[in-house]
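> mmCIF, C-alpha atoms, saved as my_file.cif, coming up:
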data_final
#
loop_
_atom_site.label_atom_id
_atom_site.label_comp_id
_atom_site.auth_asym_id
_atom_site.auth_seq_id
_atom_site.Cartn_x
_atom_site.Cartn_y
_atom_site.Cartn_z
CA MET Y 1 -9.12 1.52 23.42
CA SER Y 2 -11.48 0.63 26.19
CA GLY Y 3 -12.44 4.25 26.71
CA GLU Y 4 -16.01 5.17 27.46
CA VAL Y 5 -17.40 1.70 27.61
CA VAL Y 6 -21.10 1.55 28.09
CA THR Y 7 -23.21 -1.51 28.42
CA GLY Y 8 -25.12 -2.25 25.30
CA ARG Y 9 -27.80 -4.62 24.19
CA GLY Y 10 -27.81 -6.78 21.14
CA THR Y 11 -29.63 -5.28 18.23
CA SER Y 12 -31.22 -8.58 17.35
CA GLY Y 13 -33.41 -8.63 20.43
CA GLY Y 14 -32.87 -9.24 24.12
CA VAL Y 15 -33.80 -12.90 24.16
CA VAL Y 16 -31.47 -13.79 21.31
CA SER Y 17 -28.56 -11.80 22.74
CA GLU Y 18 -29.05 -13.26 26.21
CA GLU Y 19 -29.10 -16.74 24.78
CA PHE Y 20 -25.92 -15.95 22.84
CA TYR Y 21 -24.23 -14.47 25.89
CA GLY Y 22 -25.11 -17.60 27.82
CA ARG Y 23 -23.25 -19.64 25.24
CA LEU Y 24 -20.22 -17.35 25.54
CA LYS Y 25 -20.29 -17.38 29.33
CA ALA Y 26 -20.19 -21.17 29.36
CA TYR Y 27 -16.55 -20.89 28.31
CA GLU Y 28 -15.56 -19.11 31.52
CA GLY Y 29 -13.22 -21.27 33.54
CA ARG Y 30 -12.30 -23.47 30.61
CA ALA Y 31 -8.70 -23.87 29.49
CA ALA Y 32 -7.47 -21.49 26.79
CA ALA Y 33 -4.12 -23.24 26.44
CA THR Y 34 -2.81 -26.39 28.05
CA ALA Y 35 0.84 -27.28 28.42
CA GLY Y 36 1.90 -24.65 25.93
CA THR Y 37 5.61 -24.43 25.19
CA GLY Y 38 7.55 -21.34 24.20
CA LYS Y 39 8.87 -21.73 20.67
CA ASP Y 40 12.31 -20.51 21.73
CA LEU Y 41 14.23 -20.90 24.93
CA VAL Y 42 14.80 -17.56 26.62
CA ASN Y 43 17.72 -16.25 24.60
CA GLU Y 44 20.09 -13.32 24.25
CA PRO Y 45 19.24 -12.33 20.66
CA MET Y 46 15.52 -11.93 21.37
CA ILE Y 47 16.36 -10.00 24.53
CA ARG Y 48 18.68 -7.71 22.59
CA HIS Y 49 16.16 -7.13 19.81
CA TRP Y 50 13.52 -6.23 22.38
CA CYS Y 51 15.86 -3.85 24.21
CA GLU Y 52 16.84 -2.20 20.93
CA ALA Y 53 13.20 -1.79 19.91
CA VAL Y 54 12.01 -0.17 23.14
CA GLY Y 55 15.29 1.67 23.73
CA ASP Y 56 16.02 -0.10 27.00
CA ALA Y 57 19.72 0.25 27.97
CA ASN Y 58 19.35 -1.36 31.40
CA PRO Y 59 22.64 -3.24 32.00
CA ALA Y 60 20.71 -5.97 33.82
CA TYR Y 61 19.67 -7.25 30.38
CA THR Y 62 23.19 -7.74 29.00
CA GLY Y 63 26.33 -9.59 29.98
CA PRO Y 64 26.97 -12.99 31.50
CA ASP Y 65 24.36 -12.60 34.26
CA ALA Y 66 21.75 -11.12 31.97
CA ILE Y 67 18.09 -11.54 32.75
CA ALA Y 68 15.31 -10.95 30.27
CA PRO Y 69 13.28 -7.75 30.67
CA PRO Y 70 10.38 -8.94 32.83
CA THR Y 71 7.90 -7.21 30.52
CA MET Y 72 8.92 -9.72 27.80
CA LEU Y 73 6.92 -12.37 29.68
CA GLN Y 74 4.22 -12.64 27.04
CA ALA Y 75 6.70 -12.48 24.15
CA TRP Y 76 8.10 -15.90 25.13
CA THR Y 77 4.63 -17.41 24.71
CA MET Y 78 3.79 -15.84 21.35
CA GLY Y 79 3.01 -17.99 18.33
CA GLY Y 80 4.80 -15.69 15.88
CA LEU Y 81 4.34 -16.06 12.14
CA SER Y 82 3.80 -19.81 12.38
CA GLY Y 83 0.89 -19.27 14.77
CA HIS Y 84 -0.22 -20.83 18.01
CA LEU Y 85 -0.17 -24.59 18.25
CA ASP Y 86 -1.23 -24.86 21.85
CA ARG Y 87 -4.58 -23.14 21.97
CA SER Y 88 -7.35 -25.29 23.38
CA ALA Y 89 -10.45 -26.42 21.52
CA ALA Y 90 -12.50 -24.30 23.95
CA HIS Y 91 -10.50 -21.19 23.04
CA ASP Y 92 -10.94 -21.83 19.33
CA GLU Y 93 -14.66 -22.53 19.75
CA LEU Y 94 -15.21 -19.33 21.72
CA PHE Y 95 -13.41 -17.28 19.08
CA ALA Y 96 -15.28 -19.01 16.25
CA LEU Y 97 -18.55 -18.21 18.03
CA LEU Y 98 -17.58 -14.55 18.30
CA ASP Y 99 -16.33 -14.42 14.70
CA GLY Y 100 -19.54 -16.03 13.52
CA ALA Y 101 -21.58 -13.34 15.29
CA GLY Y 102 -19.63 -10.62 13.46
CA TYR Y 103 -17.19 -9.77 16.24
CA THR Y 104 -14.23 -10.43 13.98
CA SER Y 105 -11.77 -7.74 15.06
CA VAL Y 106 -9.42 -7.94 18.03
CA ALA Y 107 -7.94 -5.17 20.14
CA ALA Y 108 -5.85 -5.77 23.24
CA THR Y 109 -7.00 -3.55 26.08
CA ASP Y 110 -5.39 -4.72 29.31
CA CYS Y 111 -2.27 -6.57 30.36
CA GLU Y 112 -1.52 -7.36 34.00
CA GLN Y 113 1.67 -9.20 34.76
CA GLU Y 114 3.29 -10.37 37.95
CA TYR Y 115 6.88 -11.57 37.89
CA LEU Y 116 7.84 -14.31 40.32
CA ARG Y 117 11.39 -15.00 39.20
CA PRO Y 118 13.72 -13.56 36.59
CA LEU Y 119 14.00 -15.32 33.25
CA ARG Y 120 17.51 -16.11 32.03
CA PRO Y 121 18.88 -17.32 28.72
CA GLY Y 122 18.37 -21.04 28.47
CA ASP Y 123 15.10 -21.13 30.45
CA ARG Y 124 12.43 -23.26 28.83
CA ILE Y 125 9.05 -21.56 28.96
CA THR Y 126 5.83 -23.50 29.44
CA PHE Y 127 2.39 -22.15 30.16
CA ASP Y 128 -1.24 -22.87 30.83
CA ALA Y 129 -4.05 -20.40 30.36
CA VAL Y 130 -7.66 -20.26 31.37
CA ILE Y 131 -10.57 -18.23 29.99
CA GLU Y 132 -11.29 -16.15 33.06
CA SER Y 133 -14.26 -14.14 31.90
CA VAL Y 134 -16.31 -13.10 28.90
CA SER Y 135 -18.08 -9.77 29.31
CA GLU Y 136 -21.60 -8.88 28.33
CA LEU Y 137 -21.97 -7.07 25.03
CA LYS Y 138 -20.29 -3.66 25.35
CA THR Y 139 -20.28 -0.69 23.05
CA THR Y 140 -16.95 1.11 22.79
CA LYS Y 141 -15.43 3.71 20.52
CA LEU Y 142 -14.02 0.87 18.42
CA GLY Y 143 -17.29 -0.93 18.03
CA THR Y 144 -19.54 -3.36 19.84
CA GLY Y 145 -18.23 -6.60 21.22
CA HIS Y 146 -17.27 -8.78 24.14
CA PHE Y 147 -14.20 -8.47 26.33
CA VAL Y 148 -12.43 -11.81 26.79
CA THR Y 149 -10.02 -12.11 29.70
CA THR Y 150 -7.51 -14.91 29.93
CA ARG Y 151 -5.10 -15.68 32.73
CA MET Y 152 -1.86 -17.44 31.95
CA GLU Y 153 0.54 -19.10 34.35
CA VAL Y 154 4.06 -19.03 32.93
CA ARG Y 155 6.76 -21.41 34.11
CA ALA Y 156 10.48 -21.48 33.48
CA ASP Y 157 12.08 -24.89 33.61
CA GLY Y 158 8.99 -26.03 35.45
CA GLU Y 159 9.07 -23.34 38.15
CA PRO Y 160 6.42 -20.64 38.40
CA ALA Y 161 7.87 -17.56 36.70
CA GLY Y 162 4.95 -15.22 36.35
CA THR Y 163 1.29 -14.65 35.69
CA HIS Y 164 -0.13 -12.83 32.74
CA ARG Y 165 -3.72 -11.63 32.63
CA PHE Y 166 -4.70 -10.38 29.21
CA ARG Y 167 -7.92 -8.75 28.08
CA ILE Y 168 -8.97 -8.30 24.51
CA LEU Y 169 -12.06 -6.87 22.89
CA LYS Y 170 -13.54 -9.08 20.17
CA TYR Y 171 -15.66 -6.57 18.30
CA ALA Y 172 -17.52 -5.62 15.17
CA PRO Y 173 -15.86 -2.42 13.96
CA ALA Y 174 -18.01 0.69 14.31
CA ALA Y 175 -19.34 1.72 10.91
CA LYS Y 176 -17.05 4.27 9.31
CA GLY Y 177 -18.29 6.79 6.78
CA LYS Y 178 -15.77 5.44 4.33
CA PRO Y 179 -12.18 4.30 4.42
CA LYS Y 180 -9.80 7.23 4.58
CA GLY Y 181 -8.18 8.10 1.31
CA LYS Y 182 -9.11 9.66 -1.97
CA PRO Y 183 -12.48 11.32 -1.95
CA SER Y 184 -14.95 9.95 -4.40
CA GLY Y 185 -17.54 11.99 -6.22
CA GLU Y 186 -17.44 15.45 -7.67
CA ARG Y 187 -17.54 18.73 -5.85
CA PRO Y 188 -21.01 20.20 -5.75
CA ARG Y 189 -21.56 22.65 -8.62
CA PRO Y 190 -22.28 26.31 -7.99
CA VAL Y 191 -25.59 27.68 -9.10
CA ILE Y 192 -24.60 30.23 -11.73
CA ASN Y 193 -27.09 32.93 -12.69
CA ARG Y 194 -26.99 36.40 -14.18
CA ASP Y 195 -26.28 37.89 -10.76
CA ASN Y 196 -23.07 35.96 -10.19
CA ALA Y 197 -21.92 34.78 -13.64
CA GLY Y 198 -19.27 37.50 -13.68
CA PHE Y 199 -17.67 36.07 -10.60
CA TRP Y 200 -17.35 32.60 -12.15
CA ASP Y 201 -16.07 34.10 -15.41
CA GLY Y 202 -13.34 35.70 -13.30
CA VAL Y 203 -12.50 32.39 -11.61
CA ALA Y 204 -12.11 30.78 -15.03
CA GLU Y 205 -9.46 33.44 -15.74
CA HIS Y 206 -7.83 32.96 -12.34
CA ARG Y 207 -9.11 36.29 -11.07
CA LEU Y 208 -11.12 36.74 -7.92
CA LEU Y 209 -13.45 39.62 -8.76
CA ILE Y 210 -15.04 41.79 -6.12
CA GLN Y 211 -18.08 43.87 -6.99
CA ARG Y 212 -17.78 47.63 -6.57
CA CYS Y 213 -20.82 49.85 -6.38
CA ALA Y 214 -20.75 52.39 -9.20
CA GLY Y 215 -22.77 54.75 -7.01
CA CYS Y 216 -20.86 54.91 -3.73
CA GLY Y 217 -17.78 52.78 -4.42
CA THR Y 218 -18.50 50.25 -1.64
CA LEU Y 219 -16.95 46.83 -2.29
CA ARG Y 220 -19.18 43.81 -1.79
CA PHE Y 221 -18.80 40.06 -1.68
CA PRO Y 222 -20.46 37.67 -2.37
CA TRP Y 223 -21.99 39.08 -5.50
CA LEU Y 224 -25.40 40.68 -5.20
CA PRO Y 225 -27.67 42.56 -7.62
CA GLY Y 226 -27.55 45.83 -5.68
CA CYS Y 227 -25.53 47.80 -3.18
CA ALA Y 228 -26.48 47.29 0.46
CA ALA Y 229 -25.04 50.72 1.31
CA CYS Y 230 -26.77 52.98 -1.23
CA GLY Y 231 -29.09 50.70 -3.15
CA SER Y 232 -27.55 51.37 -6.52
CA PRO Y 233 -27.91 48.52 -9.06
CA GLU Y 234 -24.90 49.79 -11.01
CA TRP Y 235 -21.54 48.15 -10.41
CA ASP Y 236 -18.17 47.23 -11.83
CA THR Y 237 -15.46 44.94 -10.49
CA VAL Y 238 -11.97 45.02 -9.04
CA ALA Y 239 -9.67 42.02 -9.04
CA ALA Y 240 -8.51 40.95 -5.59
CA SER Y 241 -4.77 41.28 -5.04
CA GLY Y 242 -4.87 37.78 -3.55
CA LYS Y 243 -3.57 38.78 -0.14
CA GLY Y 244 -5.64 38.11 2.93
CA THR Y 245 -5.73 36.81 6.46
CA VAL Y 246 -7.79 34.17 8.24
CA TYR Y 247 -10.62 36.08 9.92
CA SER Y 248 -12.14 32.91 11.34
CA TYR Y 249 -12.22 29.21 10.52
CA VAL Y 250 -13.72 25.86 11.32
CA VAL Y 251 -12.30 22.37 10.85
CA MET Y 252 -14.73 19.98 9.23
CA HIS Y 253 -14.66 16.46 10.63
CA HIS Y 254 -18.22 15.28 10.26
CA PRO Y 255 -20.38 14.54 8.43
CA PRO Y 256 -18.22 13.24 5.60
CA PHE Y 257 -19.27 14.25 2.11
CA PRO Y 258 -18.28 12.22 -0.95
CA ALA Y 259 -16.22 14.93 -2.66
CA PHE Y 260 -14.31 15.93 0.46
CA ASP Y 261 -11.69 14.29 2.58
CA PRO Y 262 -12.14 15.36 6.20
CA PRO Y 263 -10.69 16.73 8.34
CA TYR Y 264 -10.14 19.99 6.44
CA ALA Y 265 -10.13 23.67 7.29
CA VAL Y 266 -12.73 26.10 6.02
CA GLY Y 267 -11.65 29.70 6.45
CA LEU Y 268 -13.46 33.00 6.41
CA ILE Y 269 -10.75 35.01 4.68
CA GLU Y 270 -10.55 38.75 5.01
CA LEU Y 271 -9.07 40.03 1.77
CA ALA Y 272 -6.66 42.96 1.76
CA GLU Y 273 -9.46 44.90 0.03
CA GLY Y 274 -11.65 44.44 3.10
CA VAL Y 275 -14.33 41.97 2.00
CA ARG Y 276 -14.52 38.43 3.34
CA VAL Y 277 -14.58 35.22 1.32
CA LEU Y 278 -15.37 31.70 2.48
CA SER Y 279 -13.12 28.95 1.10
CA ASN Y 280 -10.71 26.20 1.96
CA VAL Y 281 -7.40 26.93 3.63
CA VAL Y 282 -4.80 24.71 2.00
CA GLY Y 283 -1.06 24.18 2.20
CA VAL Y 284 -0.98 23.90 6.00
CA PRO Y 285 -2.26 21.04 8.16
CA TYR Y 286 -5.89 21.56 9.12
CA ASP Y 287 -4.92 21.82 12.78
CA LYS Y 288 -2.32 24.51 12.16
CA VAL Y 289 -4.74 27.07 10.73
CA ARG Y 290 -5.05 30.08 13.04
CA ILE Y 291 -6.98 33.32 13.14
CA GLY Y 292 -4.79 36.07 11.73
CA MET Y 293 -2.70 33.69 9.64
CA PRO Y 294 -1.66 35.36 6.38
CA VAL Y 295 -2.98 33.58 3.29
CA ARG Y 296 -2.68 34.02 -0.43
CA LEU Y 297 -5.18 33.29 -3.17
CA GLU Y 298 -4.62 30.22 -5.32
CA PHE Y 299 -6.75 28.36 -7.77
CA LEU Y 300 -7.17 24.67 -7.04
CA ARG Y 301 -8.25 22.22 -9.69
CA VAL Y 302 -10.75 20.01 -7.87
CA ASP Y 303 -11.73 17.82 -10.80
CA ASN Y 304 -11.59 17.76 -14.58
CA GLU Y 305 -13.99 20.64 -15.01
CA TRP Y 306 -13.61 22.87 -12.01
CA GLU Y 307 -11.05 25.14 -10.51
CA LEU Y 308 -11.90 26.97 -7.32
CA PRO Y 309 -10.34 29.89 -5.48
CA VAL Y 310 -8.74 28.67 -2.25
CA PHE Y 311 -6.33 30.24 0.18
CA LYS Y 312 -2.88 28.94 0.86
CA GLY Y 313 -1.80 29.41 4.46
CA ALA Y 314 1.65 30.80 5.13
CA ASP Y 315 2.78 28.39 7.81
CA GLY Y 316 4.87 30.13 10.44
CA GLY Y 317 4.14 33.51 8.90
CA ALA Y 318 6.62 32.98 6.07
CA ASP Y 319 5.18 34.92 3.15
CA MET Q 1 14.29 5.50 47.75
CA THR Q 2 11.39 7.69 47.02
CA ALA Q 3 8.32 8.76 48.90
CA ALA Q 4 4.64 8.66 48.13
CA GLY Q 5 3.65 11.62 46.02
CA ASP Q 6 7.00 11.89 44.24
CA GLU Q 7 6.74 12.64 40.54
CA LEU Q 8 9.07 10.78 38.22
CA PRO Q 9 10.76 12.78 35.46
CA PRO Q 10 8.70 12.47 32.28
CA LEU Q 11 10.02 10.42 29.36
CA SER Q 12 9.11 11.54 25.87
CA ILE Q 13 8.92 8.77 23.25
CA PRO Q 14 8.62 9.72 19.57
CA ILE Q 15 6.21 7.19 18.06
CA THR Q 16 7.98 6.39 14.82
CA ARG Q 17 6.86 3.81 12.30
CA THR Q 18 10.17 2.07 13.02
CA LEU Q 19 9.44 1.85 16.75
CA ILE Q 20 5.98 0.41 16.14
CA VAL Q 21 7.23 -2.21 13.67
CA ALA Q 22 10.40 -3.07 15.60
CA GLY Q 23 8.42 -3.42 18.82
CA ALA Q 24 5.82 -5.64 17.17
CA VAL Q 25 8.41 -7.91 15.60
CA ALA Q 26 10.62 -8.05 18.72
CA SER Q 27 7.55 -9.15 20.67
CA ARG Q 28 6.70 -11.70 17.94
CA ASP Q 29 3.38 -10.00 17.24
CA TYR Q 30 2.71 -10.20 13.52
CA GLN Q 31 -0.85 -8.84 13.56
CA ASP Q 32 -0.98 -6.82 10.33
CA VAL Q 33 -2.35 -3.70 12.06
CA HIS Q 34 1.09 -3.27 13.65
CA HIS Q 35 3.14 -3.27 10.45
CA ASP Q 36 0.97 -2.94 7.32
CA SER Q 37 -0.71 0.43 6.96
CA GLU Q 38 -2.80 -0.64 3.95
CA LEU Q 39 -4.36 -3.53 5.83
CA ALA Q 40 -4.71 -1.41 8.96
CA LYS Q 41 -6.73 1.11 6.94
CA GLU Q 42 -8.91 -1.64 5.52
CA LYS Q 43 -9.76 -2.53 9.10
CA GLY Q 44 -10.85 1.01 9.84
CA SER Q 45 -7.68 2.29 11.53
CA PRO Q 46 -6.10 5.46 10.12
CA ASP Q 47 -2.66 3.85 10.24
CA ILE Q 48 -0.64 1.13 11.94
CA PHE Q 49 -0.54 1.43 15.72
CA MET Q 50 1.66 0.24 18.57
CA ASN Q 51 0.95 -3.18 20.06
CA ILE Q 52 0.32 -3.67 23.75
CA LEU Q 53 3.55 -5.63 24.29
CA THR Q 54 5.66 -2.69 23.12
CA THR Q 55 3.73 -0.36 25.38
CA ASN Q 56 4.34 -2.79 28.23
CA GLY Q 57 8.06 -2.81 27.43
CA LEU Q 58 8.19 1.00 27.32
CA VAL Q 59 6.43 1.26 30.68
CA GLY Q 60 8.89 -1.23 32.20
CA ARG Q 61 11.82 0.66 30.72
CA TYR Q 62 10.49 3.96 32.06
CA ILE Q 63 10.33 2.59 35.60
CA THR Q 64 13.76 0.96 35.59
CA ASP Q 65 15.26 4.06 33.93
CA CYS Q 66 13.86 6.12 36.81
CA PHE Q 67 14.68 3.73 39.67
CA GLY Q 68 18.07 2.57 38.44
CA GLU Q 69 19.52 -0.69 37.23
CA ARG Q 70 19.08 -2.44 40.58
CA ALA Q 71 15.33 -1.93 40.46
CA VAL Q 72 13.33 -5.12 39.94
CA LEU Q 73 9.93 -5.06 38.30
CA ARG Q 74 7.39 -7.08 40.30
CA LYS Q 75 4.08 -6.20 38.68
CA VAL Q 76 3.08 -4.24 35.61
CA ALA Q 77 -0.63 -3.70 34.97
CA ILE Q 78 -1.60 -1.50 32.06
CA ARG Q 79 -4.74 -0.47 30.21
CA LEU Q 80 -4.65 0.93 26.71
CA GLY Q 81 -6.68 3.91 25.55
CA ALA Q 82 -5.82 6.20 22.63
CA PRO Q 83 -3.72 4.31 20.07
CA ASN Q 84 -0.10 5.26 19.39
CA TYR Q 85 0.02 6.12 15.68
CA PRO Q 86 3.19 7.00 13.74
CA GLY Q 87 4.22 10.63 13.97
CA ASP Q 88 2.82 11.13 17.44
CA THR Q 89 4.77 11.52 20.67
CA MET Q 90 3.94 9.75 23.90
CA VAL Q 91 5.02 11.30 27.18
CA LEU Q 92 5.26 8.87 30.08
CA CYS Q 93 4.74 10.31 33.55
CA GLY Q 94 4.81 8.53 36.86
CA THR Q 95 3.68 9.27 40.40
CA VAL Q 96 4.75 7.23 43.40
CA VAL Q 97 1.56 6.05 45.05
CA SER Q 98 3.01 4.20 48.03
CA VAL Q 99 6.32 3.02 49.46
CA GLU Q 100 6.71 0.09 51.83
CA GLY Q 101 10.26 -0.87 52.68
CA ASP Q 102 12.05 -1.50 49.41
CA ARG Q 103 8.80 -1.73 47.45
CA ALA Q 104 7.16 1.16 45.61
CA GLU Q 105 3.95 1.33 43.68
CA VAL Q 106 3.91 3.81 40.83
CA ARG Q 107 0.98 5.12 38.83
CA VAL Q 108 2.01 5.56 35.19
CA VAL Q 109 0.26 7.54 32.48
CA GLY Q 110 1.47 7.78 28.89
CA ALA Q 111 -0.32 10.49 26.93
CA ASN Q 112 -0.18 11.19 23.21
CA SER Q 113 -1.88 13.91 21.16
CA ILE Q 114 -5.18 12.01 21.18
CA GLY Q 115 -5.38 11.26 24.88
CA ASN Q 116 -4.05 8.73 27.34
CA HIS Q 117 -2.48 5.87 25.44
CA VAL Q 118 -1.71 3.92 28.57
CA THR Q 119 -2.62 4.09 32.21
CA GLY Q 120 -1.31 1.62 34.69
CA THR Q 121 0.34 0.66 37.93
CA VAL Q 122 3.82 -0.74 38.37
CA THR Q 123 5.23 -2.35 41.48
CA VAL Q 124 8.99 -2.18 41.73
CA THR Q 125 11.49 -3.14 44.41
CA VAL Q 126 14.89 -1.55 44.86
CA PRO Q 127 17.17 -3.61 47.11
CA GLU Q 128 18.79 -1.82 50.02
CA ASP Q 129 22.53 -1.21 49.64
CA GLY Q 130 24.62 -4.32 50.11
CA SER Q 131 21.82 -6.75 49.40
#
Kindly present the structure from the file in structure tokens form.

Amino acid sequence: MSGEVVTGRGTSGGVVSEEFYGRLKAYEGRAAATAGTGKDLVNEPMIRHWCEAVGDANPAYTGPDAIAPPTMLQAWTMGGLSGHLDRSAAHDELFALLDGAGYTSVAATDCEQEYLRPLRPGDRITFDAVIESVSELKTTKLGTGHFVTTRMEVRADGEPAGTHRFRILKYAPAAKGKPKGKPSGERPRPVINRDNAGFWDGVAEHRLLIQRCAGCGTLRFPWLPGCAACGSPEWDTVAASGKGTVYSYVVMHHPPFPAFDPPYAVGLIELAEGVRVLSNVVGVPYDKVRIGMPVRLEFLRVDNEWELPVFKGADGGAD
Amino acid sequence: MTAAGDELPPLSIPITRTLIVAGAVASRDYQDVHHDSELAKEKGSPDIFMNILTTNGLVGRYITDCFGERAVLRKVAIRLGAPNYPGDTMVLCGTVVSVEGDRAEVRVVGANSIGNHVTGTVTVTVPEDGS
């Protein structure tokens, strides 16, 4: 989650952001937790649950001489559903300061642990933690915020058992176009005129009509007033059989548009009759659409008023 | 023991919803983004995602699976990148960076379909026979 971090500047002006960062930096070196106590002694059930979750069958973690998986170190210090009782005032103030500035979200980015002695069932865990550093304002893929690094000394029955350095990003989430989910808004309406009304009449009857030049017989799509081959303005139509293949495609990710729910595949479909039609490829995941994939015409109701011709992909060539 | 440059056999981990939730709860991490997809979406994430403690546990497991039950983890340092969302698969790979006596340092990378979920370094010791 820390990928591609670049140094950023506050949007509210350099002086203000520097003053704010000074206030954050003042917490470096202050205690984050003092004389914290693990809520449970190191115990077999929690070890077993952990091993089951991560699929760890190491025999060192079972039996009479069992030790806890060393990577559980932090788990013994967690507040759980009832929360942390041992955080320091400095820790809470720092987080309140960040929350107040809009950096309300948290993402863990780094965990560095050193194990000094194995933990065994019955060990009583105690810990102290210090706020090691607070970064300048950084812009990441997640959003803009400050990295906060804490360093925790963990003891078991009073003996040093390990150290745990933990880095989180306290950030303001990057603006999203909209939450994922149902698209809102209606599909844009086609402009229907005397040159293409026949096509839309066909769609209403669930037929995809291709124009055919009455002079030379050339098929054409989209609809046009005259034939590009011979210039004749006379035409009739043939109904597409509905069979086609993906001639080319793109996957739309951005920009989002109210009536659509990206990502989605837009295909240039070559119909069996030879003309090409642009429409959505449905029925297969957007990232499984491929050039040459066989597709079949369908009519998709996109809202109360409109049905549109789309092409259903035959995943795995099953058609 | 191994030598610097050795590649560890990859371990493929299907990222199921169950793994994400079980790992979060087993590590006593009740942040909603690790078990409640509705609330995760409200916070701008496409779905729930694996917490760092579970990743840490998987990395530790990978190393002890490769080095055997007598292996002792000394240090695990990881950095998270691309989140582990349900339905994805993470493949853990390891390369031995250095070996000194019974101590090896291993570079670990766990990649999913988005990119590298985790990169890190693990120090492990494997006692000589009879110790």
> Which residues are near Thr62 in chain Y? Cut-off 10 Å, only C-alpha atoms, ignore same chain within fewer than 6 positions. Put them as an mmCIF file with C-alpha atoms, in the coordinates of the input.

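Everything below was put into part.cif:
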data_model
loop_
_atom_site.group_PDB
_atom_site.id
_atom_site.type_symbol
_atom_site.label_atom_id
_atom_site.label_comp_id
_atom_site.auth_asym_id
_atom_site.auth_seq_id
_atom_site.Cartn_x
_atom_site.Cartn_y
_atom_site.Cartn_z
ATOM 1 C CA GLU Y 44 20.090 -13.320 24.250
ATOM 2 C CA ILE Y 47 16.360 -10.000 24.530
ATOM 3 C CA ARG Y 48 18.680 -7.710 22.590
ATOM 4 C CA CYS Y 51 15.860 -3.850 24.210
ATOM 5 C CA ALA Y 68 15.310 -10.950 30.270
#
> When the cut-off is 6 Å and we count all atoms listed in the file, which residues of chain Q are near chain Y, given as a list of chain:residue names?
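Residues satisfying the distance criterion: Q:Ala22, Q:Gly23, Q:Ala26, Q:Ser27, Q:Arg28, Q:Gly57, Q:Leu58, Q:Arg61, Q:Glu69, Q:Arg74, Q:Lys75, Q:Val76, Q:Ala77, Q:Ile78, Q:Arg79, Q:Leu80, Q:Gly81, Q:Ala82.
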> What's around Glu128 in chain Q at 12 Å? Count only C-alpha atoms, leave out sequence neighbours fewer than 6 positions away in its own chain, and write the answer as a list in words.
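Counting only the stated atoms, we get Met1, Arg70, Ala71, Val72, Gly101, Asp102 and Arg103 of chain Q.
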> Using all atoms listed in the file for the distances, tell me which of Q:Ile52, Q:Leu8, Q:Glu38, Q:Ser113 is nearest to Asp287 in chain Y.
Q:Ser113
> Could you jot down the CA of Met152 in chain Y to CA of Ile131 in chain Y separation for me, Å, one decimal place?
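For CA of Met152 in chain Y relative to CA of Ile131 in chain Y, the distance reads 9.0 Å.
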> Take the PyMOL selection byres ((chain Y and resi 148) around 9), apply it to the structure above, and return the hits as a list in words.
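That expression, the PyMOL selection byres ((chain Y and resi 148) around 9), corresponds here to Ile131, Glu132, Ser133, Val134, Ser135, His146, Phe147, Thr149, Thr150, Phe166, Arg167, Ile168, Leu169 and Lys170 of chain Y.
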> Rank Y:Ile67, Y:Ile125, Y:Ala172, Y:Ala89 by their smallest atom-to-atom distance to Glu159 in chain Y, using all atoms listed in the file, and report the top residue only.
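Result for the nearest residue to Glu159 in chain Y: Y:Ile125.
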> Applying the PyMOL selection byres ((chain Y and resi 211) around 9) to the file I just gave you, which residues come out? Please list them as a PyMOL selection string.
chain Y and resi 199+209-210+212-213+218-224+235-239
> Translate the PyMOL selection byres ((chain Y and resi 271) around 8), as applied to the file shown, into an explicit residue set as a VMD selection string.
chain Y and resid 240 242 to 245 269 to 270 272 to 277
> Keeping only C-alpha atoms, write those residues as an mmCIF file, in the frame of the given file.

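For reference, selection.cif as written:
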data_model
loop_
_atom_site.group_PDB
_atom_site.id
_atom_site.type_symbol
_atom_site.label_atom_id
_atom_site.label_comp_id
_atom_site.auth_asym_id
_atom_site.auth_seq_id
_atom_site.Cartn_x
_atom_site.Cartn_y
_atom_site.Cartn_z
ATOM 1 C CA ALA Y 240 -8.510 40.950 -5.590
ATOM 2 C CA GLY Y 242 -4.870 37.780 -3.550
ATOM 3 C CA LYS Y 243 -3.570 38.780 -0.140
ATOM 4 C CA GLY Y 244 -5.640 38.110 2.930
ATOM 5 C CA THR Y 245 -5.730 36.810 6.460
ATOM 6 C CA ILE Y 269 -10.750 35.010 4.680
ATOM 7 C CA GLU Y 270 -10.550 38.750 5.010
ATOM 8 C CA ALA Y 272 -6.660 42.960 1.760
ATOM 9 C CA GLU Y 273 -9.460 44.900 0.030
ATOM 10 C CA GLY Y 274 -11.650 44.440 3.100
ATOM 11 C CA VAL Y 275 -14.330 41.970 2.000
ATOM 12 C CA ARG Y 276 -14.520 38.430 3.340
ATOM 13 C CA VAL Y 277 -14.580 35.220 1.320
#
> Please provide as a PyMOL selection string all residues within 9 Å of Val33 in chain Q, with the sequence filter that same-chain residues fewer than 2 positions apart are discarded (counting all atoms listed in the file).
chain Q and resi 30-31+35-41+43+45+47-51
